[in-house]
Structures are given as structure tokens and as C-alpha cells.
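Undergrad: The following block contains the structure, expressed as C-alpha cells.
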Amino acid sequence: MNGVHDLGGMHGFGRVVPEPDEPVFHAEWERRAFALTLAMGAWGRWNLDMTRFAREQMPPVDYLAATYYERWLWGVERQLVDHGFLAREEADRCRTGVAAGAVGSPREPEPRALRAASVARFLRNRRAARRDDPVPPRFRVGDRVVARNIHPAGHTRLPRYVRGRRGAIDRDHGVFVFPDTNALGQGEKPQHVYSVRFPARELWGPDASARDAVYVDLWDDHLEHA
Amino acid sequence: MSAHDHGHHGADDPSHPHNAPLSEVQLRVKALESLLTAKGLVDPAALDELIDTYETRIGPRNGARVVARAWVDPEFKRRLLEDATEVLAEMGFVGRQGEDIVVLENTPKVHNLVVCTLCSCYPWPVLGLPPVWYKSAPYRSRAVIDPRGVLREFGVEVADDVEVRVWDSTAELRYLVLPERPAGTEGMTEEALAALVTRDAMIGTARVAPPARATATEAAR
């Protein structure tokens with residue numbers, strides 16, 4: 001979707017402001033929102049592409065005004081409802097904060113819930129989006145390519161700023177799940193992912209450096225031979 | 001209410017001193033955790049463990065160890081640039097948001113800079129969770145169109161004859177910059193070198209500063 005999350009190349013957001021000695025989290029609610037998102041993800045009812053797509057569907061004005069973990073919270077609330085963990089009314093009550101203290105006492109977690117003893121194993125999982133499917137690559141290193149000028153209304157990892165632009169295949173990373181279908185529950189459609197080198201001037205015109213380049217990881221389905 | 005409410009808006013959160021009313025978002029998260037716990041869907045102890053892992057065990061010190069070893073061990077560096085994922089696995093740096101890692105070498109002719117314009121992808125096993133500026137609209141929007149301007153704001157001037165390569169993390173590859181080893185570090189131990197390496201240097205928004213003379217002398221002993 002052509003959403004506000006697709007920020008590459010936009011103007012007007014001002015300077016980058018680093019924070020000296022920044023803590024990992026800035027408030028207790030950030031810690032809990034982070035951990036709740038991972039713990040509910042551990043149920044395996046949705047994939048990471050669905051999670052990204054959920055956050056992208058935050059209304060654009062809210063998205064830009066929100067902090068990072070506010071977007072996470074919005075996304076997980078939506079996924080909990082979409083996947084039947086919470087009734088819509090329950091999620092609405094949580095958003096107003098009134099559910100706290102009015103839901104009865106904690107009970108023993110269900111057998112499939114992530115337990116403290118399993119957290120290390122859960123985080124050390126080494127396989128996520130890479131697949132062993134013997135899919136042949138459509139491109140070779142060095143091939144000239146053009147990023148497709150497409151505007152899918154669903155999820156895509158093809159940023160707007162490279163669509164229709166020419167580049168070259170720099171590396172073939174192997175076969176991965178295709179987020180554009182996986183986020184919509186339309187299958188993994190495994191295919192090759194490449195680092196595509198786009199010269200800065202191809203993306204940004206003659207005022208850009210003649211020497212610089214942007215490397216974007218794109219899938220077979222995002223590319224055509226140039 | 002979970003047993004973990006106690007003492008949570010404490011000294012580390014000066015904007016919400018103890019006994020101050022909870023903000024809207026604090027109440028909202030508390031409500032959600034209480035409800036999910038009451039339904040048996042989450043174990044609050046698992047939440048504590050997740051938080052503790054990223055606050056105390058996984059962070060940029062991991063990446064700094066990798067960089068320092070690459071500086072002192074040419075064979076390690078060669079393998080790291082060829083297949084970082086396997087080499088990092090040998091050091092125990094594996095897992096979530098770092099299932100496939102690529103290391104990018106800065107040289108006198110190439111400066112690498114990492115961004116995620118679409119969300120905030122970041123190599124968690126070696127750098128921990130990303131800082132706020134990395135996740136912010138200014139960095140995500142400008143790193144690709146004005147990398148030299150962004151670098152200047154971080155105090156990094158890149159000469160015209162040096163190529164700036166920006167890596168937009170749009171897939172599940174995660175990128176770690178191998179910064180240049182600063183002058184004046186000859187003879188320093190791997191451990192002392194690792195102490196010089198900053199998080200920002202491994203994102204590409206900083207160079208590694210040479211050590212103060214006293215530090216170098218001390219470390220060389």
C-alpha cells in the first residue's frame with residue numbers, strides 16, 4: 001500500500017535527533033508492549049509480514065504522530081481481534097484502560113502460551129523467512145533490472161522510491177518467503193531475494209552524488225529485466 | 001492485575017514519578033496485559049524474561065566483539081564478510097531479527113550506512129533493539145535521499161571521492177557495518193578494541209574514534 005510508512009525520500013521531517021546514553025526502553029509500558037507483542041506472536045497464528053501489514057494500516061495521521069511502540073501496540077491489538085484472541089468489545093475496553101483490575105485474577109497460562117523457560121529458545125530460532133525450495137533465480141549477479149512500477153493496495157516491500165527505477169543485481173541472497181503474498185495469507189510463494197544497486201542519480205536526479213548508491217533488497221516478483 | 005505492576009513506574013521513568021496518574025497509553029497496555037493474563041494467553045514471567053533479555057543480555061556490545069575480532073584476525077574477517085550468519089552463530093549471536101546477517105566493510109573508499117525506510121528493521125542479535133532516532137521519520141526518510149547530509153548531522157564528513165552506500169533493509173537480511181579500525185590502536189587487545197566500538201559506528205552513522213593516548217598505553221600492557 002502507498003502508505004505513510006513508506007518514508008524513503010520524503011522531505012519535511014527535520015533533523016535526526018540522537019539521544020545521548022539512550023535507554024533500551026523509555027517507559028514501563030514500552031517494555032510490556034514490546035514483550036506482549038513477542039509473546040502473542042509466539043502463538044504462531046500470524047507471520048511477521050502480517051504484523052508489519054497490521055501496523056501499516058494504522059490511520060496515517062495517527063501513524064506519524066505515534067511513537068514506535070505505540071504502533072506496535074496498535075498493531076497487536078488489531079491482530080488479537082482479527083485472529084479471535086479478543087472480542088472487539090474487549091479490545092475497545094482495553095483501549096480506554098478500564099479493563100485493568102476488572103478482569104478477574106490471573107490464571108495458569110495455557111499450555112501453548114510462551115513460558116519464561118522457553119523464551120531463550122524462542123528468541124534463538126534461526127529459521128524465519130529463508131526457504132529451501134529449489135526455485136531458480138530469474139536474475140544473475142550483474143544483470144540490469146528495473147523495479148516494477150506497481151502499486152499494490154496490500155502489503156509490499158517494494159518501496160515507492162525505487163519503482164520504475166533501473167539498477168543492477170549486486171548479490172543473490174537465496175530463496176525467501178514473499179511478504180507481499182504472505183502478509184495477506186495468500187501463501188509463501190518462495191523466490192530469490194537480491195540486493196539491487198540503484199545509483200543515487202537514477203533515484204534522485206542530477207543533484208545527487210554521481211558516486212553514491214542505494215542498495216534495496218527485492219524479490220523476483222518486484223523486478224524485470226532492463 | 002498482574003503481579004508485575006508493582007514498582008514499575010519508578011526512577012527510570014522521570015516523566016511519571018511514583019503516584020502520578022498513569023498516562024492513557026500506560027493504562028491501555030496495563031489493561032491489555034491484565035486481560036491476556038486472565039485469559040491464560042500470556043505468562044507475565046515470560047514477558048519479564050523477554051524484557052530482561054533485550055535490556056541486559058543482547059545489545060551493541062555483541063556487535064563490538066565481532067568488529068574487534070575482525071580487526072585483529074584477518075581469517076575471521078574474511079569469513080565474516082563471506083558468510084556472517086555462520087560466523088556469528090559460532091559466537092552465539094543468532095536468532096530473532098538476525099536470522100540472516102550481512103556484514104559491510106567500510107574502507108577508505110566506501111562508507112556504508114544502514115536504514116529501514118519501511119519499518120525499522122535492525123540486526124537485533126548483534127546490536128539489540130534500535131534507538132529512537134533510527135526508527136524516526138527524519139532518519140527513515142532522509143537516509144536514502146540525503147545520506148551525506150544525515151552523516152554530517154552525526155558529525156561524519158565523507159569526502160567527495162568516497163562512495164556512500166546506503167542499505168535499505170527491505171527484506172529479512174540484516175546489515176552490520178564493519179567500521180574502519182582507527183589509527184593509534186596497534187597493539188591493543190581485542191577486548192580494548194571492542195570497548196572503542198560504538199553502536200552508531202556499526203549502523204554507519206559514526207566512525208570509531210581513536211583512543212585517548214592514556215587508554216591506548218594502558219590497554220597495550
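Residues in the C-alpha cells are named by chain (A, B, ... in the order shown) and by number from 1 within that chain; ligands are numbered from 1 in the order shown.
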Given only C-alpha atoms, how would the per-residue table for chain B near chain A read, listing every residue at most 6 Å away with its closest atom pair and distance in Å to one decimal, sorted by chain and number, as a Markdown table?

TA:
```
| residue | atom | partner | partner_atom | distance |
| --- | --- | --- | --- | --- |
| B:Met1 | CA | A:Gly101 | CA | 5.2 |
| B:His8 | CA | A:Glu28 | CA | 6.0 |
| B:Asp13 | CA | A:Ala27 | CA | 5.6 |
| B:Gln26 | CA | A:Trp29 | CA | 5.2 |
| B:Leu27 | CA | A:Gly97 | CA | 4.7 |
| B:Arg28 | CA | A:Gly97 | CA | 4.4 |
| B:Ala31 | CA | A:Ala100 | CA | 4.1 |
| B:Leu32 | CA | A:Cys94 | CA | 5.6 |
| B:Ser34 | CA | A:Ala100 | CA | 5.9 |
| B:Thr37 | CA | A:Pro106 | CA | 5.4 |
| B:Ala38 | CA | A:Pro106 | CA | 4.3 |
| B:Gly40 | CA | A:Pro109 | CA | 4.0 |
| B:Leu41 | CA | A:Ala113 | CA | 5.6 |
| B:Val42 | CA | A:Ala113 | CA | 5.7 |
| B:Asp43 | CA | A:Pro109 | CA | 5.7 |
| B:Ala45 | CA | A:Ala116 | CA | 5.5 |
| B:Ala46 | CA | A:Ala116 | CA | 3.8 |
| B:Leu47 | CA | A:Ala35 | CA | 5.1 |
| B:Glu49 | CA | A:Ala116 | CA | 5.8 |
| B:Leu50 | CA | A:Ala35 | CA | 5.9 |
| B:Val94 | CA | A:Arg124 | CA | 5.7 |
| B:Gly95 | CA | A:Arg124 | CA | 3.9 |
| B:Arg96 | CA | A:Leu123 | CA | 5.3 |
| B:Glu99 | CA | A:Arg126 | CA | 5.1 |
| B:Thr117 | CA | A:Gly8 | CA | 5.1 |
| B:Leu118 | CA | A:Asp6 | CA | 4.9 |
| B:Trp133 | CA | A:Pro18 | CA | 5.4 |
| B:Pro138 | CA | A:Phe13 | CA | 4.9 |
| B:Tyr139 | CA | A:Val16 | CA | 5.7 |
| B:Ser141 | CA | A:Gly8 | CA | 4.2 |
| B:Arg142 | CA | A:Gly9 | CA | 5.8 |
| B:Ile145 | CA | A:Gly9 | CA | 5.1 |
| B:Glu163 | CA | A:Asp212 | CA | 5.2 |
| B:Val164 | CA | A:Asp212 | CA | 4.8 |
| B:Arg165 | CA | A:Ala213 | CA | 5.1 |
| B:Val166 | CA | A:Val214 | CA | 4.7 |
| B:Trp167 | CA | A:Tyr215 | CA | 4.8 |
| B:Asp168 | CA | A:Val216 | CA | 5.1 |
| B:Thr170 | CA | A:Asp217 | CA | 5.4 |
| B:Ala171 | CA | A:Asp217 | CA | 5.5 |
```

Undergrad: Output N, CA and C atoms for every residue in the selection just made, as a short mmCIF file (atom, residue, chain, number, x, y, z; two decimals), in the first residue's frame.

TA:
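Saved as again_34.cif:
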```
data_model
loop_
_atom_site.label_atom_id
_atom_site.label_comp_id
_atom_site.auth_asym_id
_atom_site.auth_seq_id
_atom_site.Cartn_x
_atom_site.Cartn_y
_atom_site.Cartn_z
N MET B 1 -5.09 -7.71 37.88
CA MET B 1 -3.79 -7.06 37.70
C MET B 1 -2.69 -8.10 37.86
N HIS B 8 6.70 -0.39 38.89
CA HIS B 8 7.15 -0.31 37.51
C HIS B 8 7.30 1.10 36.96
N ASP B 13 11.83 6.29 34.95
CA ASP B 13 10.85 6.97 34.11
C ASP B 13 10.46 8.30 34.77
N GLN B 26 -0.19 4.03 29.12
CA GLN B 26 0.17 3.11 30.21
C GLN B 26 -1.03 2.29 30.66
N LEU B 27 -2.17 2.98 30.80
CA LEU B 27 -3.40 2.28 31.20
C LEU B 27 -3.81 1.25 30.16
N ARG B 28 -3.64 1.63 28.92
CA ARG B 28 -4.05 0.77 27.82
C ARG B 28 -3.23 -0.52 27.78
N ALA B 31 -4.10 -2.64 30.83
CA ALA B 31 -5.40 -3.31 30.63
C ALA B 31 -5.22 -4.52 29.73
N LEU B 32 -4.45 -4.36 28.68
CA LEU B 32 -4.26 -5.46 27.73
C LEU B 32 -3.52 -6.62 28.39
N SER B 34 -3.39 -7.33 31.57
CA SER B 34 -4.27 -7.96 32.56
C SER B 34 -5.27 -8.91 31.90
N THR B 37 -3.53 -12.01 30.44
CA THR B 37 -3.09 -12.88 31.53
C THR B 37 -4.28 -13.62 32.13
N ALA B 38 -5.39 -12.89 32.31
CA ALA B 38 -6.60 -13.52 32.87
C ALA B 38 -7.13 -14.62 31.95
N GLY B 40 -5.21 -16.50 30.25
CA GLY B 40 -4.20 -17.56 30.16
C GLY B 40 -3.40 -17.53 28.87
N LEU B 41 -3.44 -16.41 28.15
CA LEU B 41 -2.76 -16.32 26.86
C LEU B 41 -1.30 -15.88 26.99
N VAL B 42 -1.00 -15.14 28.04
CA VAL B 42 0.40 -14.79 28.27
C VAL B 42 0.79 -15.11 29.71
N ASP B 43 2.07 -15.40 29.86
CA ASP B 43 2.66 -15.66 31.16
C ASP B 43 3.50 -14.42 31.52
N ALA B 45 5.66 -13.86 33.58
CA ALA B 45 7.08 -14.18 33.81
C ALA B 45 7.83 -14.27 32.48
N ALA B 46 7.14 -14.72 31.43
CA ALA B 46 7.78 -14.77 30.10
C ALA B 46 8.00 -13.36 29.59
N LEU B 47 7.06 -12.46 29.87
CA LEU B 47 7.25 -11.06 29.47
C LEU B 47 8.49 -10.49 30.16
N GLU B 49 11.05 -12.06 31.17
CA GLU B 49 12.25 -12.69 30.60
C GLU B 49 12.59 -12.06 29.24
N LEU B 50 11.58 -11.80 28.42
CA LEU B 50 11.80 -11.15 27.13
C LEU B 50 12.43 -9.77 27.32
N VAL B 94 22.73 -15.36 17.33
CA VAL B 94 21.76 -15.88 16.37
C VAL B 94 20.36 -15.47 16.82
N GLY B 95 19.42 -15.65 15.92
CA GLY B 95 18.03 -15.58 16.32
C GLY B 95 17.26 -14.41 15.75
N ARG B 96 16.22 -14.11 16.49
CA ARG B 96 15.19 -13.19 16.02
C ARG B 96 15.76 -11.89 15.46
N GLU B 99 18.31 -13.58 11.60
CA GLU B 99 18.41 -14.94 11.07
C GLU B 99 19.41 -15.01 9.91
N THR B 117 13.65 1.94 5.56
CA THR B 117 12.70 3.04 5.26
C THR B 117 11.26 2.63 5.51
N LEU B 118 10.95 1.32 5.44
CA LEU B 118 9.55 0.87 5.51
C LEU B 118 9.08 0.59 6.93
N TRP B 133 16.11 7.34 17.28
CA TRP B 133 16.40 8.09 16.04
C TRP B 133 16.39 7.20 14.82
N PRO B 138 12.54 11.31 10.46
CA PRO B 138 13.65 12.01 9.82
C PRO B 138 14.73 11.06 9.27
N TYR B 139 15.12 10.07 10.05
CA TYR B 139 16.17 9.16 9.57
C TYR B 139 15.66 8.27 8.44
N SER B 141 13.29 8.74 6.34
CA SER B 141 13.01 9.46 5.09
C SER B 141 14.28 9.96 4.42
N ARG B 142 15.25 10.41 5.20
CA ARG B 142 16.39 11.13 4.63
C ARG B 142 17.61 10.28 4.34
N ILE B 145 17.85 9.59 0.55
CA ILE B 145 17.91 10.70 -0.40
C ILE B 145 19.03 11.68 -0.07
N GLU B 163 32.71 6.69 -1.81
CA GLU B 163 31.36 6.29 -2.21
C GLU B 163 30.51 5.99 -0.98
N VAL B 164 29.35 6.58 -0.92
CA VAL B 164 28.41 6.27 0.16
C VAL B 164 27.42 5.23 -0.36
N ARG B 165 27.36 4.10 0.35
CA ARG B 165 26.40 3.04 0.02
C ARG B 165 25.37 2.95 1.14
N VAL B 166 24.11 3.20 0.78
CA VAL B 166 23.03 3.10 1.75
C VAL B 166 22.33 1.77 1.55
N TRP B 167 22.10 1.05 2.63
CA TRP B 167 21.47 -0.28 2.55
C TRP B 167 20.09 -0.20 3.19
N ASP B 168 19.04 -0.30 2.37
CA ASP B 168 17.67 -0.25 2.87
C ASP B 168 17.23 -1.68 3.18
N THR B 170 14.93 -3.91 3.35
CA THR B 170 13.54 -4.19 2.97
C THR B 170 13.17 -5.67 3.07
N ALA B 171 14.17 -6.56 3.19
CA ALA B 171 13.88 -7.99 3.29
C ALA B 171 14.28 -8.51 4.67
#
```

Undergrad: Within 7 Å of Met1 (chain A), counting only C-alpha atoms, which residues show up once you throw out same-chain ones fewer than 4 positions away? Write them as number ranges by chain, please.

TA: A: 151-156

Undergrad: Looking only at alpha helix (DSSP H) from DSSP on the backbone, list the matching residues of region 82-226 of chain A as an NGL selection string.

TA: :A and (82 or 88-95 or 119-123 or 179-182 or 200-204)

Undergrad: Could you please write out, as a PyMOL selection string, every residue of region 94-212 of chain A that DSSP assigns to strand (DSSP E or B)?

TA: chain A and resi 130+144-147+166-176+191-199

Undergrad: Please write the residues from the selection above to a file, keeping N, CA and C atoms, as a CSV table (one decimal), in the first residue's frame.

TA:
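Saved the output as again-v3.csv:
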```csv
chain,number,residue,atom,x,y,z
A,130,ARG,N,13.7,-17.7,5.4
A,130,ARG,CA,14.5,-18.4,4.3
A,130,ARG,C,13.9,-19.8,4.1
A,144,ARG,N,21.2,-6.2,-15.4
A,144,ARG,CA,20.5,-4.9,-15.3
A,144,ARG,C,19.0,-5.1,-15.1
A,145,VAL,N,18.4,-4.5,-14.2
A,145,VAL,CA,17.0,-4.7,-13.9
A,145,VAL,C,16.3,-3.4,-13.7
A,146,VAL,N,14.9,-3.5,-13.8
A,146,VAL,CA,14.1,-2.3,-13.5
A,146,VAL,C,13.1,-2.8,-12.4
A,147,ALA,N,12.9,-1.9,-11.4
A,147,ALA,CA,11.9,-2.3,-10.4
A,147,ALA,C,10.5,-2.0,-11.0
A,166,ARG,N,16.0,2.0,-12.5
A,166,ARG,CA,16.9,0.9,-13.0
A,166,ARG,C,18.0,0.7,-12.0
A,167,GLY,N,18.4,-0.5,-11.9
A,167,GLY,CA,19.5,-0.8,-11.1
A,167,GLY,C,20.2,-2.1,-11.6
A,168,ALA,N,21.1,-2.6,-10.7
A,168,ALA,CA,21.8,-3.9,-11.1
A,168,ALA,C,21.8,-4.8,-9.9
A,169,ILE,N,21.8,-6.1,-10.3
A,169,ILE,CA,21.8,-7.1,-9.2
A,169,ILE,C,23.2,-7.2,-8.6
A,170,ASP,N,23.3,-6.9,-7.3
A,170,ASP,CA,24.6,-6.9,-6.6
A,170,ASP,C,24.9,-8.2,-6.0
A,171,ARG,N,23.9,-8.8,-5.3
A,171,ARG,CA,24.0,-10.1,-4.7
A,171,ARG,C,22.7,-10.9,-4.8
A,172,ASP,N,22.8,-12.2,-4.8
A,172,ASP,CA,21.6,-13.1,-4.7
A,172,ASP,C,21.7,-13.7,-3.3
A,173,HIS,N,20.7,-13.4,-2.5
A,173,HIS,CA,20.7,-13.8,-1.1
A,173,HIS,C,20.1,-15.2,-0.9
A,174,GLY,N,19.5,-15.8,-2.0
A,174,GLY,CA,18.8,-17.1,-1.9
A,174,GLY,C,17.3,-16.9,-1.9
A,175,VAL,N,16.7,-18.0,-1.5
A,175,VAL,CA,15.2,-18.1,-1.6
A,175,VAL,C,14.6,-17.7,-0.2
A,176,PHE,N,13.6,-16.8,-0.3
A,176,PHE,CA,12.9,-16.4,0.9
A,176,PHE,C,11.4,-16.3,0.6
A,191,GLN,N,10.8,-17.3,-3.4
A,191,GLN,CA,11.6,-16.8,-4.5
A,191,GLN,C,12.8,-16.1,-4.1
A,192,HIS,N,13.7,-15.9,-5.1
A,192,HIS,CA,15.0,-15.3,-4.7
A,192,HIS,C,14.9,-13.8,-4.3
A,193,VAL,N,15.7,-13.4,-3.4
A,193,VAL,CA,15.9,-12.1,-2.9
A,193,VAL,C,17.3,-11.6,-3.3
A,194,TYR,N,17.3,-10.4,-3.9
A,194,TYR,CA,18.6,-9.8,-4.3
A,194,TYR,C,18.8,-8.5,-3.7
A,195,SER,N,20.1,-8.1,-3.5
A,195,SER,CA,20.4,-6.7,-3.2
A,195,SER,C,20.5,-6.1,-4.6
A,196,VAL,N,19.7,-5.1,-4.8
A,196,VAL,CA,19.8,-4.4,-6.1
A,196,VAL,C,20.4,-3.0,-5.9
A,197,ARG,N,21.4,-2.7,-6.6
A,197,ARG,CA,22.1,-1.4,-6.5
A,197,ARG,C,21.5,-0.4,-7.4
A,198,PHE,N,21.0,0.7,-6.8
A,198,PHE,CA,20.4,1.8,-7.6
A,198,PHE,C,21.4,3.0,-7.5
A,199,PRO,N,21.9,3.5,-8.6
A,199,PRO,CA,22.7,4.7,-8.4
A,199,PRO,C,21.9,5.9,-7.9
```

Undergrad: Determine the nearest neighbour of Asp161 (chain B) from the options B:Val67, B:Val110, B:Leu104, B:Ala209, counting only C-alpha atoms.

TA: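 Looking only at the distances to Asp161 (chain B), the closest residue turns out to be B:Val110.
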
Undergrad: By how many Å are CA of Val66 (chain B) and CA of Val126 (chain B) apart?

TA: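 Computing the Euclidean distance for CA of Val66 (chain B) and CA of Val126 (chain B) yields 8.4 Å.
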